[in-house]
Amino acid sequence: MSCYDTLIDYGLRSIGIGERLLPKTDITLCEQFVLIGSGMIWNVYFAIFAMLLGFGVATLVAVGKASQNPWAAIPAKSFIFVFRGSPLFIQFFLAYEIFVLIPKVGVDINLGFATITAETRWLTKAWLGAVIVLFLNTSAYAGEIFYGALRAVPKGDIEAADAFGMSGFRKFRRIIWPAMLRLAWPSYTNEAIFMFHATTLVFFSGFPAWRQSGDALYYASYFADKTFNPFVSYPIIAGYFVSFTLIIIALFGYANKRLNRHIAPEQKIKFRFKPQFMR
Amino acid sequence: MEMCADPSSLDGINWWMCYLTTGKHQAFYASFGTVLLLLALTAPVVMVLGFGGAMARKSKIPPFRWFGLAYTNIVRGVPDIIFFLFVPIAMDQGIEYLRHRVKCPDVREPIRQGHDFVVCTAAKMPLGSSPQWIHESYGFMLALIAFALVFGAFAANTLYGAMGAVPRAQLETAEAFGMTDRQVFWRVQVKQMWVYALPGLSNLWMILIKATPLLFLLGVEDIVYWARELGGSKTTRFAYPHPDWRLYYFVFLLVFYLFMTWASEKVFNRVTKRLSHGQATVGAGS
């Protein structure tokens with residue numbers, strides 16, 4: 001079987017398209033590359049959705065933590081403390097147990113033109129349950145980053161906004177928020193990288209892989225188990241992750257450039273790879 | 001306890017007293033010790049590896065420097081969980097391979113036969129005949145090495161950055177006093193770097209705490225293992241039947257980790273205050 005055939009058979013295996021059975025004997029290098037790469041679809045999916053959802057909530061959490069009002073500050077602080085203070089691993093286990101215990105019901109959602117049924121059993125599936133956990137987790141980490149940036153917004157910017165007669169939400173949206181993003185962006189890039197790395201935990205803690213559709217690490221450890229040779233599959237997945245990490249750095253670097261486009265060159269904040277590692 | 005002899009006759013507080021003191025529960029409590037032991041043993045090894053890595057990166061001899069660079073950078077670009085899966089099994093096979101070479105030099109068959117990794121019986125590590133505790137501590141040791149290698153790379157980065165953060169003027173002053181390079185390094189740079197390293201190291205410690213549930217993945221019977229074991233629903237065939245209680249056990253673990261984080265934060269805040277005494281950094285300001 002040529003490598004092209006393998007690509008056709010297993011390229012989309014992780015999302016359930018293609019050959020049912022995973023290779024069991026005579027595992028070729030090509031099969032390892034293709035299947036592990038196919039698993040990366042899940043990692044990218046988890047990371048993108050968690051980051052997109054988490055971005056907005058992180059801003060809210062940051063504003064809440066910086067707020068004078070204890071009704072906003074205390075919930076925001078405890079949210080950050082709980083999700084940053086405990087291992088993501090435990091959070092996955094815990095969330096899965098909660099999702100399993102939730103009664104299995106379908107909730108009809110009327111969209112006006114059509115009705116869809118949202119079922120609570122979806123929560124026990126990785127595609128929804130794990131995204132929720134990762135989303136809450138990244139909201140807490142990014143919230144803390146944004147909070148730090150919020151406190152570092154230059155006083156002059158705010159005074160200038162006041163002088164223009166801006167107040168309330170308009171001042172926030174036009175002045176404070178962009179300044180906060182600009183200051184937070186290098187750290188937020190690191191957060192994105194490690195959110196992405198953390199997606200490897202999904203199928204390792206709590207969420208079972210359904211019909212052997214798992215993420216990259218699921219397949220990598222599958223191969224390591226089957227061939228009893230860790231020196232092939234783990235370097236492959238490491239290579240995938242390094243290259244995706246470089247892509248994230250490039251994308252976020254582009255955004256960073258835009259956020260800093262009005263800043264004098266010597267005051268621009270450069271990205272430094274300074275990860276938060278394990279969660 | 002005597003009253004626990006017949007669990008089915010118990011109810012209320014007595015049932016709970018007996019339930020929470022079963023042998024398995026005692027193993028569960030002891031496994032918290034395993035986690036603390038791992039932390040206590042890993043931390044010094046991490047510091048040594050980190051210091052070595054930072055010195056290698058600073059080294060004037062290129063191969064050392066390259067090694068230091070490679071060590072710190074590879075570990076950072078790859079999800080650490082991959083290292084936790086890779087290092088123990090790679091170490092295990094490496095050790096068995098070497099023992100195979102030494103102990104059974106006359107066995108001619110290749111070690112990798114297809115998908116199998118075959119070494120002679122005498123080279124097995126630990127030996128098949130060893131008692132159970134040796135197997136367990138060998139697994140624990142492999143886990144410890146994996147933790148130390150990964151976190152050593154992180155520490156190397158932090159310490160390297162801290163060494164560079166020591167004000168140049170201090171080093172120049174030391175040189176002006178006629179100290180040799182070695183003396184400048186040990187007497188001034190290393191002594192002064194800690195205050196700069198502390199934020200990074202405290203962060204690292206928090207991460208190390210939060211990484212301990214990975215022991216479970218490495219097959220060590222840690223708190224996660226026991227929480228799953230004890231929490232799973234028990235039918236009436238068991239002495240203490242109960243429905244699925246894993247949720248409560250995991251909440252307990254969550255509280256444990258939150259407490260560890262909270263306590264560590266307190267300690268580090270105090271240490272920062274002490275170390276920043278007389279230093280021109282933000283920590284000393286307030």
# chains A, B, ... in the order shown; residues from 1 in each chain; ligands from 1

call {"tool": "interface_residues", "arguments": {"of": "chain A", "to": "chain B", "cutoff": "7 Å", "atoms": "only C-alpha atoms", "output": "ChimeraX atom specification"}}
result
/A:82,85-87,89-90,94,97-98,197,227-228,230,234,238,241-242,278-279

call {"tool": "select_by_dssp", "arguments": {"residues": "segment 34-199 of chain B", "states": "alpha helix (DSSP H)", "output": "ChimeraX atom specification"}}
result
/B:34-58,62-77,80-103,132-165,168-176,181-183,190-199

call {"tool": "select_by_dssp", "arguments": {"residues": "segment 4-155 of chain A", "states": "strand (DSSP E or B)", "output": "ChimeraX atom specification"}}
result
/A:106-110,115-119

call {"tool": "residues_around", "arguments": {"residues": "segment 72-80 of chain A", "least_positions_apart": "6", "cutoff": "9 Å", "atoms": "only C-alpha atoms", "output": "VMD selection string"}}
result
chain A and resid 60 to 66 136 to 137 139 to 141 143 to 144

call {"tool": "residues_around", "arguments": {"residues": "Ala165 of chain B", "least_positions_apart": "5", "cutoff": "10 Å", "atoms": "only C-alpha atoms", "output": "VMD selection string"}}
result
chain B and resid 159 to 160 189 192 to 193 195 to 197

call {"tool": "residues_around", "arguments": {"residues": "Gln32 of chain A", "least_positions_apart": "4", "cutoff": "8 Å", "atoms": "only C-alpha atoms", "output": "JSON, numbers by chain"}}
result
{"A": [27, 28, 36, 220, 223, 233, 236]}

call {"tool": "closest_residue", "arguments": {"among": "A:Asn190, A:Gln212, A:His262, A:Ile158", "to": "Leu22 of chain A", "atoms": "only C-alpha atoms"}}
result
A:Gln212

call {"tool": "closest_residue", "arguments": {"among": "A:Ala47, A:Leu101, A:Leu183, A:Ile237", "to": "Phe33 of chain A", "atoms": "only C-alpha atoms"}}
result
A:Ile237

call {"tool": "closest_residue", "arguments": {"among": "B:Tyr240, B:Tyr97, B:Tyr71, B:Phe64", "to": "Gly50 of chain B", "atoms": "only C-alpha atoms"}}
result
B:Tyr71

call {"tool": "atom_distance", "arguments": {"atom1": "atom CA of Ala70 of chain B", "atom2": "atom CA of Phe203 of chain A"}}
result
29.4 Å

call {"tool": "residues_around", "arguments": {"residues": "Asp5 of chain A", "least_positions_apart": "2", "cutoff": "12 Å", "atoms": "only C-alpha atoms", "output": "ChimeraX atom specification"}}
result
/A:1-3,7-11,18-19,30-31,34

call {"tool": "residues_around", "arguments": {"residues": "Thr124 of chain A", "least_positions_apart": "3", "cutoff": "6 Å", "atoms": "only C-alpha atoms", "output": "PyMOL selection string"}}
result
chain A and resi 99+121+129

call {"tool": "atom_distance", "arguments": {"atom1": "atom CA of Thr21 of chain B", "atom2": "atom CA of Leu230 of chain B"}}
result
12.1 Å

call {"tool": "atom_distance", "arguments": {"atom1": "atom CA of Arg270 of chain B", "atom2": "atom CA of Val190 of chain B"}}
result
21.0 Å

call {"tool": "closest_residue", "arguments": {"among": "B:Val184, B:Cys18, B:Ile134, B:Leu215", "to": "Leu37 of chain B", "atoms": "only C-alpha atoms"}}
result
B:Leu215
